[in-house]
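Beneath this line is the structure, given in structure tokens, with notes to follow.
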Amino acid sequence: MAAGSFELGGRIVDVVKRRVFEGVIQVENGVIVKINEGPVESAQYILPGFIDAHIHIESSMLIPSEFARLAVVHGTVGTVSDPHEIANVLGISGVKFMISNGNKVPFRFNFGAPSCVPATSFESAGATLGPAEIEELLQLGEIRYLSEMMNFPGVLFNDPVVAQKLAIAAKYGKPVDGHAPGLTGENAAKYIAAGISTDHECYTLEEARDKISRGMKVLIREGSAAKNFEALWPLIDEHPEMVMLCSDDKHPNDLVKGHINVLVKRALGKGCDLMNVLRSCTLNPKDHYKLETGLLQPGDPADFIVVEDLESLKVLSTRINGIEVAAMGKTMIQPVIEAPLNNFRATPVNPQGITVPAAGERIRIIQALDGQLITHEIVAEPGTDGGNVVADPGRDILKLVVKDRYNDGPPAVGFINGFGIKNGALASSVAHDSHNIIAVGLDDESITRAINLVIKNKGGISLVNGVDEYSLALPFGGIMSGEDGYKVATAYQDLDSLAKQLGSRLMAPYMTLSFMALLVIPDLKLSDRGLFSVNNFTYTPLFL
């Protein structure tokens, strides 16, 4: 798909000079060489293409080339992508795969060097990226920044390895992304003073304002599981230079429906200033991360979208380097065939391996919250049967299991509230950040069958309901598929619908499940080694 030469007229939206005018854009060899201002017959609008300021491509369950095929339809021309999911599975080789595959399609992937692999030392992971590996990655031209510093306790308490990684980023002049949910006041000030410049984990307006007041940029996140737009959208006009838009995690069925364009439309519907909204997903990320994305200026690469109007934001065409990559709702990027790479050693489990003998009158229970990555800890009397603690669907208390996929260790077992399923089980090897196998369900037989389906596929998601079994294989690191993105989206949508038919009230049951082993998001989580209190940053017993 060679860059072409052409002219295109319409109402040009200039986010740099904050104005809209009629004119004709002249493109030669993929570069805007001239813009002639003057009346045109076309009523269409020409805008800079959208940038997702923070996303894990892996959470789309698609390899980068397939992600691009779906994203361009919605006017996305680039992403700021943290590949720490694949890095947790395969280390540097996984990051280099993402770069290599992304380079095979016309799309502006901007990858970071994952700063926290593994996220903690309290779980089993497939790789470790220390300071030496971080330096190797930051020397690559394709690596734009140091990815989210999730280990905020390490920053606050002057962990020497964390300090070394931050110093390497400063050495190469690369920005550092943050990850500090709920951090405010003096602790936030210290975190920011360490050189960390963004955060996408704010879930209240007060927290976001506090961080902005201290010089940190806030990324307003709206993904498949974590949805913070409604809480944070006033920032777009309050602090237009300090705000960007991102999805963080976007499941394939949601990506088919829309991307950053949906947030732009919602923000405009709230009455936000047009230029402030557009800058948050074009100019602001370009300037912050020093991206090569064009902004409809002479000399820029011809990266832009054509929309029908500024109300519907219906994308008629998307161009990157002058190449038309999407037109009238259809992708024009051709699929890329890749050989799967993986790291998966788990062997099948049996129901006896996840029984929990009753050893107390009260247990700690993880409370999942719809639309949030954070959880609460609740305490209740356990349901028992034959001397063992069992699920109690009447109180929405289900069994949660995490199984080490790298060393074939024994499963860890806890209990969870908030999933709502009435029978069967779900399982997934998409389980942030180490991507061990995580499962939730009512009975041990269903749970282990669901886990074993994932093991059989060497990664993926599954569902068991009585005699029925369903699964979606994810052979790339156990977290991505190389198949056609639209087919993957349909298969995932079917599983999501089946999970809801089991009784789940969550907007995205599998996405929520994937964060129940994430030990850097408060409060109570489950690693493959046991129940974990994030607030105390240590294991905690199931029984009180």
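Simple scheme: letters A, B, ... for chains in structure tokens order, numbers from 1 for residues in each chain, numbers from 1 for ligands in the order shown.
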(Q) Need to verify the contact set: Asp52 of chain A, 9 Å, only C-alpha atoms, exclusion of same-chain residues closer than 5 positions in sequence. Can you return it as a PyMOL selection string? (A) chain A and resi 76-81+244-248+259-260+281-282+285
Would you write out those residues with N, CA and C atoms, as a PDB file, in the first residue's frame?
```pdb
ATOM      1  N   THR A  76      -9.048   5.884  14.150  1.00  0.00           N
ATOM      2  CA  THR A  76      -7.810   5.807  14.933  1.00  0.00           C
ATOM      3  C   THR A  76      -6.639   5.606  13.986  1.00  0.00           C
ATOM      4  N   VAL A  77      -5.623   6.440  14.125  1.00  0.00           N
ATOM      5  CA  VAL A  77      -4.438   6.305  13.272  1.00  0.00           C
ATOM      6  C   VAL A  77      -3.205   5.888  14.064  1.00  0.00           C
ATOM      7  N   GLY A  78      -3.296   5.946  15.407  1.00  0.00           N
ATOM      8  CA  GLY A  78      -2.129   5.593  16.213  1.00  0.00           C
ATOM      9  C   GLY A  78      -2.502   5.295  17.647  1.00  0.00           C
ATOM     10  N   THR A  79      -1.595   4.621  18.328  1.00  0.00           N
ATOM     11  CA  THR A  79      -1.774   4.300  19.736  1.00  0.00           C
ATOM     12  C   THR A  79      -0.460   4.510  20.473  1.00  0.00           C
ATOM     13  N   VAL A  80      -0.574   4.801  21.752  1.00  0.00           N
ATOM     14  CA  VAL A  80       0.557   4.747  22.673  1.00  0.00           C
ATOM     15  C   VAL A  80       0.353   3.442  23.434  1.00  0.00           C
ATOM     16  N   SER A  81       1.157   2.439  23.102  1.00  0.00           N
ATOM     17  CA  SER A  81       0.851   1.059  23.480  1.00  0.00           C
ATOM     18  C   SER A  81       1.872   0.508  24.464  1.00  0.00           C
ATOM     19  N   MET A 244      -5.642  13.799  28.160  1.00  0.00           N
ATOM     20  CA  MET A 244      -5.662  12.962  26.964  1.00  0.00           C
ATOM     21  C   MET A 244      -6.744  11.904  27.128  1.00  0.00           C
ATOM     22  N   LEU A 245      -7.120  11.261  26.034  1.00  0.00           N
ATOM     23  CA  LEU A 245      -8.140  10.216  26.057  1.00  0.00           C
ATOM     24  C   LEU A 245      -7.490   8.859  25.807  1.00  0.00           C
ATOM     25  N   CYS A 246      -7.976   7.839  26.507  1.00  0.00           N
ATOM     26  CA  CYS A 246      -7.416   6.501  26.289  1.00  0.00           C
ATOM     27  C   CYS A 246      -8.457   5.442  26.605  1.00  0.00           C
ATOM     28  N   SER A 247      -8.166   4.225  26.159  1.00  0.00           N
ATOM     29  CA  SER A 247      -9.064   3.107  26.457  1.00  0.00           C
ATOM     30  C   SER A 247      -8.439   2.126  27.437  1.00  0.00           C
ATOM     31  N   ASP A 248      -7.102   2.043  27.476  1.00  0.00           N
ATOM     32  CA  ASP A 248      -6.365   1.143  28.368  1.00  0.00           C
ATOM     33  C   ASP A 248      -6.561  -0.306  27.943  1.00  0.00           C
ATOM     34  N   HIS A 259     -14.075   3.218  19.085  1.00  0.00           N
ATOM     35  CA  HIS A 259     -12.816   3.386  19.795  1.00  0.00           C
ATOM     36  C   HIS A 259     -12.794   4.802  20.370  1.00  0.00           C
ATOM     37  N   ILE A 260     -11.749   5.554  20.127  1.00  0.00           N
ATOM     38  CA  ILE A 260     -11.644   6.913  20.661  1.00  0.00           C
ATOM     39  C   ILE A 260     -12.735   7.812  20.085  1.00  0.00           C
ATOM     40  N   CYS A 281      -6.986  14.074  21.936  1.00  0.00           N
ATOM     41  CA  CYS A 281      -6.694  12.793  21.281  1.00  0.00           C
ATOM     42  C   CYS A 281      -5.893  12.977  19.988  1.00  0.00           C
ATOM     43  N   THR A 282      -5.282  14.164  19.832  1.00  0.00           N
ATOM     44  CA  THR A 282      -4.429  14.411  18.660  1.00  0.00           C
ATOM     45  C   THR A 282      -3.162  15.157  19.092  1.00  0.00           C
ATOM     46  N   PRO A 285      -1.362  14.085  22.894  1.00  0.00           N
ATOM     47  CA  PRO A 285      -0.489  12.905  22.916  1.00  0.00           C
ATOM     48  C   PRO A 285       0.701  13.025  21.974  1.00  0.00           C
TER      49      PRO A 285
END
```
Q) Residues of segment 14-204 of chain A in strand (DSSP E or B) according to DSSP, as a ChimeraX atom specification? A) /A:14,19-28,31-37,45-48,50-55,62,76-81,108-113,143-149,176-178,196-199
Could those residues be written to a file, using C-alpha atoms, as an mmCIF file, in the first residue's frame?
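Saved the output as part-v1.cif:
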```cif
data_model
loop_
_atom_site.group_PDB
_atom_site.id
_atom_site.type_symbol
_atom_site.label_atom_id
_atom_site.label_comp_id
_atom_site.auth_asym_id
_atom_site.auth_seq_id
_atom_site.Cartn_x
_atom_site.Cartn_y
_atom_site.Cartn_z
ATOM 1 C CA ASP A 14 -6.981 22.800 12.428
ATOM 2 C CA ARG A 19 -9.994 27.003 13.734
ATOM 3 C CA VAL A 20 -12.185 25.407 11.042
ATOM 4 C CA PHE A 21 -11.952 26.629 7.457
ATOM 5 C CA GLU A 22 -12.756 25.511 3.922
ATOM 6 C CA GLY A 23 -9.865 24.438 1.767
ATOM 7 C CA VAL A 24 -8.039 21.806 -0.252
ATOM 8 C CA ILE A 25 -5.236 19.626 1.085
ATOM 9 C CA GLN A 26 -2.498 18.738 -1.400
ATOM 10 C CA VAL A 27 -0.631 15.498 -0.697
ATOM 11 C CA GLU A 28 2.493 14.228 -2.426
ATOM 12 C CA VAL A 31 3.091 14.165 2.920
ATOM 13 C CA ILE A 32 0.922 17.297 3.077
ATOM 14 C CA VAL A 33 2.788 19.784 0.910
ATOM 15 C CA LYS A 34 0.227 22.583 0.774
ATOM 16 C CA ILE A 35 -3.190 23.623 2.058
ATOM 17 C CA ASN A 36 -5.105 26.030 -0.158
ATOM 18 C CA GLU A 37 -7.719 27.943 1.792
ATOM 19 C CA TYR A 45 -14.952 17.628 7.558
ATOM 20 C CA ILE A 46 -11.279 16.690 7.573
ATOM 21 C CA LEU A 47 -9.769 16.073 11.025
ATOM 22 C CA PRO A 48 -6.450 14.784 12.334
ATOM 23 C CA PHE A 50 -7.328 9.970 16.609
ATOM 24 C CA ILE A 51 -4.672 8.639 18.989
ATOM 25 C CA ASP A 52 -5.379 6.337 21.938
ATOM 26 C CA ALA A 53 -2.975 7.739 24.549
ATOM 27 C CA HIS A 54 -2.706 4.504 26.551
ATOM 28 C CA ILE A 55 -3.698 0.995 25.542
ATOM 29 C CA LEU A 62 -5.628 -9.469 18.669
ATOM 30 C CA THR A 76 -7.810 5.807 14.933
ATOM 31 C CA VAL A 77 -4.438 6.305 13.272
ATOM 32 C CA GLY A 78 -2.129 5.593 16.213
ATOM 33 C CA THR A 79 -1.774 4.300 19.736
ATOM 34 C CA VAL A 80 0.557 4.747 22.673
ATOM 35 C CA SER A 81 0.851 1.059 23.480
ATOM 36 C CA ARG A 108 1.294 4.290 14.002
ATOM 37 C CA PHE A 109 2.008 1.980 16.919
ATOM 38 C CA ASN A 110 4.118 3.705 19.564
ATOM 39 C CA PHE A 111 5.345 1.113 22.035
ATOM 40 C CA GLY A 112 6.787 1.601 25.499
ATOM 41 C CA ALA A 113 9.328 -0.321 27.562
ATOM 42 C CA ILE A 143 10.242 2.507 21.972
ATOM 43 C CA ARG A 144 8.874 5.948 22.813
ATOM 44 C CA TYR A 145 8.555 5.925 26.601
ATOM 45 C CA LEU A 146 8.846 3.968 29.849
ATOM 46 C CA SER A 147 5.495 2.292 30.374
ATOM 47 C CA GLU A 148 3.287 2.726 33.410
ATOM 48 C CA MET A 149 5.180 2.590 36.701
ATOM 49 C CA VAL A 176 7.448 7.932 32.019
ATOM 50 C CA ASP A 177 3.839 6.838 32.341
ATOM 51 C CA GLY A 178 2.236 6.479 35.742
ATOM 52 C CA ILE A 196 6.396 10.302 36.275
ATOM 53 C CA SER A 197 4.268 12.490 34.053
ATOM 54 C CA THR A 198 0.886 10.821 33.432
ATOM 55 C CA ASP A 199 -1.755 8.741 35.161
#
```
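Nearest to Gly530 of chain A of all the residues A:Asn103, A:Ser124, A:Ser317, A:Asn88 is A:Ser124, based on only C-alpha atoms.
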Q | Nearby residues (only C-alpha atoms) at most 12 Å from Leu138 of chain A, same-chain spacing under 3 positions excluded, as a PyMOL selection string | A | chain A and resi 92+95+111-115+131-135+141-147+165-176
Keeping N, CA and C atoms for every residue in the selection just given, could you write it to a file as a CSV table (one decimal), in the first residue's frame?
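After the write, out-v2.csv holds the following:
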```csv
chain,number,residue,atom,x,y,z
A,92,ILE,N,11.5,-9.7,26.5
A,92,ILE,CA,11.9,-8.9,25.4
A,92,ILE,C,11.4,-9.5,24.0
A,95,VAL,N,8.0,-8.3,23.3
A,95,VAL,CA,7.9,-6.9,22.9
A,95,VAL,C,8.4,-6.7,21.5
A,111,PHE,N,5.2,2.0,20.9
A,111,PHE,CA,5.3,1.1,22.0
A,111,PHE,C,6.2,1.7,23.1
A,112,GLY,N,6.0,1.2,24.4
A,112,GLY,CA,6.8,1.6,25.5
A,112,GLY,C,7.6,0.4,26.0
A,113,ALA,N,8.6,0.7,26.9
A,113,ALA,CA,9.3,-0.3,27.6
A,113,ALA,C,8.6,-0.6,28.9
A,114,PRO,N,8.1,-1.9,29.0
A,114,PRO,CA,7.4,-2.2,30.2
A,114,PRO,C,8.2,-2.1,31.5
A,115,SER,N,7.8,-1.3,32.5
A,115,SER,CA,8.6,-0.9,33.6
A,115,SER,C,8.4,-1.9,34.8
A,131,PRO,N,16.7,-3.6,35.0
A,131,PRO,CA,17.3,-2.4,34.4
A,131,PRO,C,18.0,-2.6,33.1
A,132,ALA,N,18.7,-3.8,33.0
A,132,ALA,CA,19.5,-4.0,31.7
A,132,ALA,C,18.5,-4.2,30.5
A,133,GLU,N,17.4,-4.9,30.7
A,133,GLU,CA,16.5,-5.1,29.7
A,133,GLU,C,15.7,-3.8,29.3
A,134,ILE,N,15.5,-3.0,30.4
A,134,ILE,CA,14.8,-1.7,30.1
A,134,ILE,C,15.7,-0.8,29.3
A,135,GLU,N,17.0,-0.8,29.6
A,135,GLU,CA,18.0,0.0,28.8
A,135,GLU,C,18.0,-0.5,27.3
A,141,GLY,N,14.5,2.6,18.5
A,141,GLY,CA,13.8,3.8,18.0
A,141,GLY,C,12.3,3.6,18.1
A,142,GLU,N,11.8,2.4,18.1
A,142,GLU,CA,10.4,2.2,18.2
A,142,GLU,C,9.8,2.3,19.6
A,143,ILE,N,10.7,2.4,20.6
A,143,ILE,CA,10.2,2.5,22.0
A,143,ILE,C,10.2,4.0,22.4
A,144,ARG,N,9.1,4.5,22.6
A,144,ARG,CA,8.9,5.9,22.8
A,144,ARG,C,8.9,6.4,24.3
A,145,TYR,N,8.7,5.5,25.2
A,145,TYR,CA,8.6,5.9,26.6
A,145,TYR,C,8.7,4.7,27.5
A,146,LEU,N,8.9,5.0,28.8
A,146,LEU,CA,8.8,4.0,29.8
A,146,LEU,C,7.4,3.8,30.3
A,147,SER,N,6.9,2.6,30.1
A,147,SER,CA,5.5,2.3,30.4
A,147,SER,C,5.1,2.4,31.9
A,165,LYS,N,15.5,2.2,37.0
A,165,LYS,CA,14.7,2.2,35.7
A,165,LYS,C,14.2,3.7,35.4
A,166,LEU,N,13.8,4.4,36.4
A,166,LEU,CA,13.5,5.8,36.1
A,166,LEU,C,14.7,6.6,35.6
A,167,ALA,N,15.8,6.4,36.2
A,167,ALA,CA,17.0,7.1,35.7
A,167,ALA,C,17.4,6.7,34.3
A,168,ILE,N,17.2,5.5,33.9
A,168,ILE,CA,17.5,5.1,32.5
A,168,ILE,C,16.6,5.9,31.5
A,169,ALA,N,15.3,6.0,31.9
A,169,ALA,CA,14.3,6.7,31.1
A,169,ALA,C,14.8,8.2,30.9
A,170,ALA,N,15.2,8.8,32.0
A,170,ALA,CA,15.7,10.2,32.0
A,170,ALA,C,16.9,10.3,31.1
A,171,LYS,N,17.8,9.3,31.2
A,171,LYS,CA,19.0,9.3,30.4
A,171,LYS,C,18.7,9.4,28.9
A,172,TYR,N,17.7,8.7,28.5
A,172,TYR,CA,17.4,8.7,27.1
A,172,TYR,C,16.3,9.7,26.7
A,173,GLY,N,15.9,10.5,27.7
A,173,GLY,CA,14.9,11.6,27.4
A,173,GLY,C,13.5,11.0,27.1
A,174,LYS,N,13.2,9.9,27.6
A,174,LYS,CA,11.9,9.3,27.3
A,174,LYS,C,10.9,9.6,28.5
A,175,PRO,N,9.7,10.0,28.2
A,175,PRO,CA,8.7,10.2,29.2
A,175,PRO,C,8.3,8.9,30.0
A,176,VAL,N,7.8,9.1,31.2
A,176,VAL,CA,7.4,7.9,32.0
A,176,VAL,C,6.0,8.0,32.3
```
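All residues of protein, DNA or RNA that reach within 6 Å of segment 508-525 of chain A, judged by only C-alpha atoms and not counting those fewer than 2 positions away in the chain, are Ala225, Ile366, Ile374, Thr375, His376, Glu377, Val430, Ala431, His432, Asp433, Leu506, Ser527, Phe532, Ser533, Val534 and Asn535 of chain A.
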Using only C-alpha atoms, which residues of segment 375-402 of chain A come within 12 Å of segment 448-453 of chain A, and what is the closest atom pair for each, with the distance in Å to one decimal? Give it as JSON lines, sorted by chain and residue number.
```
{"residue": "A:Lys399", "atom": "CA", "partner": "A:Thr448", "partner_atom": "CA", "distance": 11.3}
{"residue": "A:Leu400", "atom": "CA", "partner": "A:Thr448", "partner_atom": "CA", "distance": 11.1}
{"residue": "A:Val401", "atom": "CA", "partner": "A:Ile451", "partner_atom": "CA", "distance": 9.1}
{"residue": "A:Val402", "atom": "CA", "partner": "A:Ile451", "partner_atom": "CA", "distance": 9.3}
```
Q. Segment 72-231 of chain A: which residues are helix (DSSP H, G or I) by DSSP, as number ranges by chain?
A. A: 72-74, 84-90, 92-102, 131-138, 152-156, 160-171, 185-193, 205-213, 229-231
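Across the structure, atom CA of Ser434 of chain A and atom CA of Ala87 of chain A are spaced 9.0 Å apart.
Proximity to Pro118 of chain A was assessed for A:His179, A:Ile305, A:His435, A:Leu502 counting only C-alpha atoms; the smallest distance is recorded for A:His435.
You can rank A:Asn343, A:Gln367, A:Gln372, A:Asn29 by their closest distance to Phe415 of chain A using only C-alpha atoms, and at the top of that list sits A:Gln367.
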Q | Non-local contacts of Ala226 of chain A (8 Å; only C-alpha atoms; under 5 positions in same chain excluded) as a PyMOL selection string | A | chain A and resi 221+249+371-373
File of the preceding selection, C-alpha atoms, as an mmCIF file, in the first residue's frame:
```cif
data_model
loop_
_atom_site.group_PDB
_atom_site.id
_atom_site.type_symbol
_atom_site.label_atom_id
_atom_site.label_comp_id
_atom_site.auth_asym_id
_atom_site.auth_seq_id
_atom_site.Cartn_x
_atom_site.Cartn_y
_atom_site.Cartn_z
ATOM 1 C CA ARG A 221 -9.926 6.191 30.484
ATOM 2 C CA ASP A 249 -8.083 -2.198 27.701
ATOM 3 C CA GLY A 371 -16.750 -0.879 35.593
ATOM 4 C CA GLN A 372 -13.809 -0.678 38.020
ATOM 5 C CA LEU A 373 -10.458 -2.402 38.430
#
```
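One finds atom CA of Ser60 of chain A at 17.4 Å from atom CA of Ile337 of chain A.
The residue that comes closest to Met328 of chain A, out of A:Ile421, A:Val356, A:Val306, A:Ala346 and on the basis of only C-alpha atoms, is A:Val306.
Here atom CA of Gly154 of chain A and atom CA of Leu369 of chain A stand 26.5 Å from one another.
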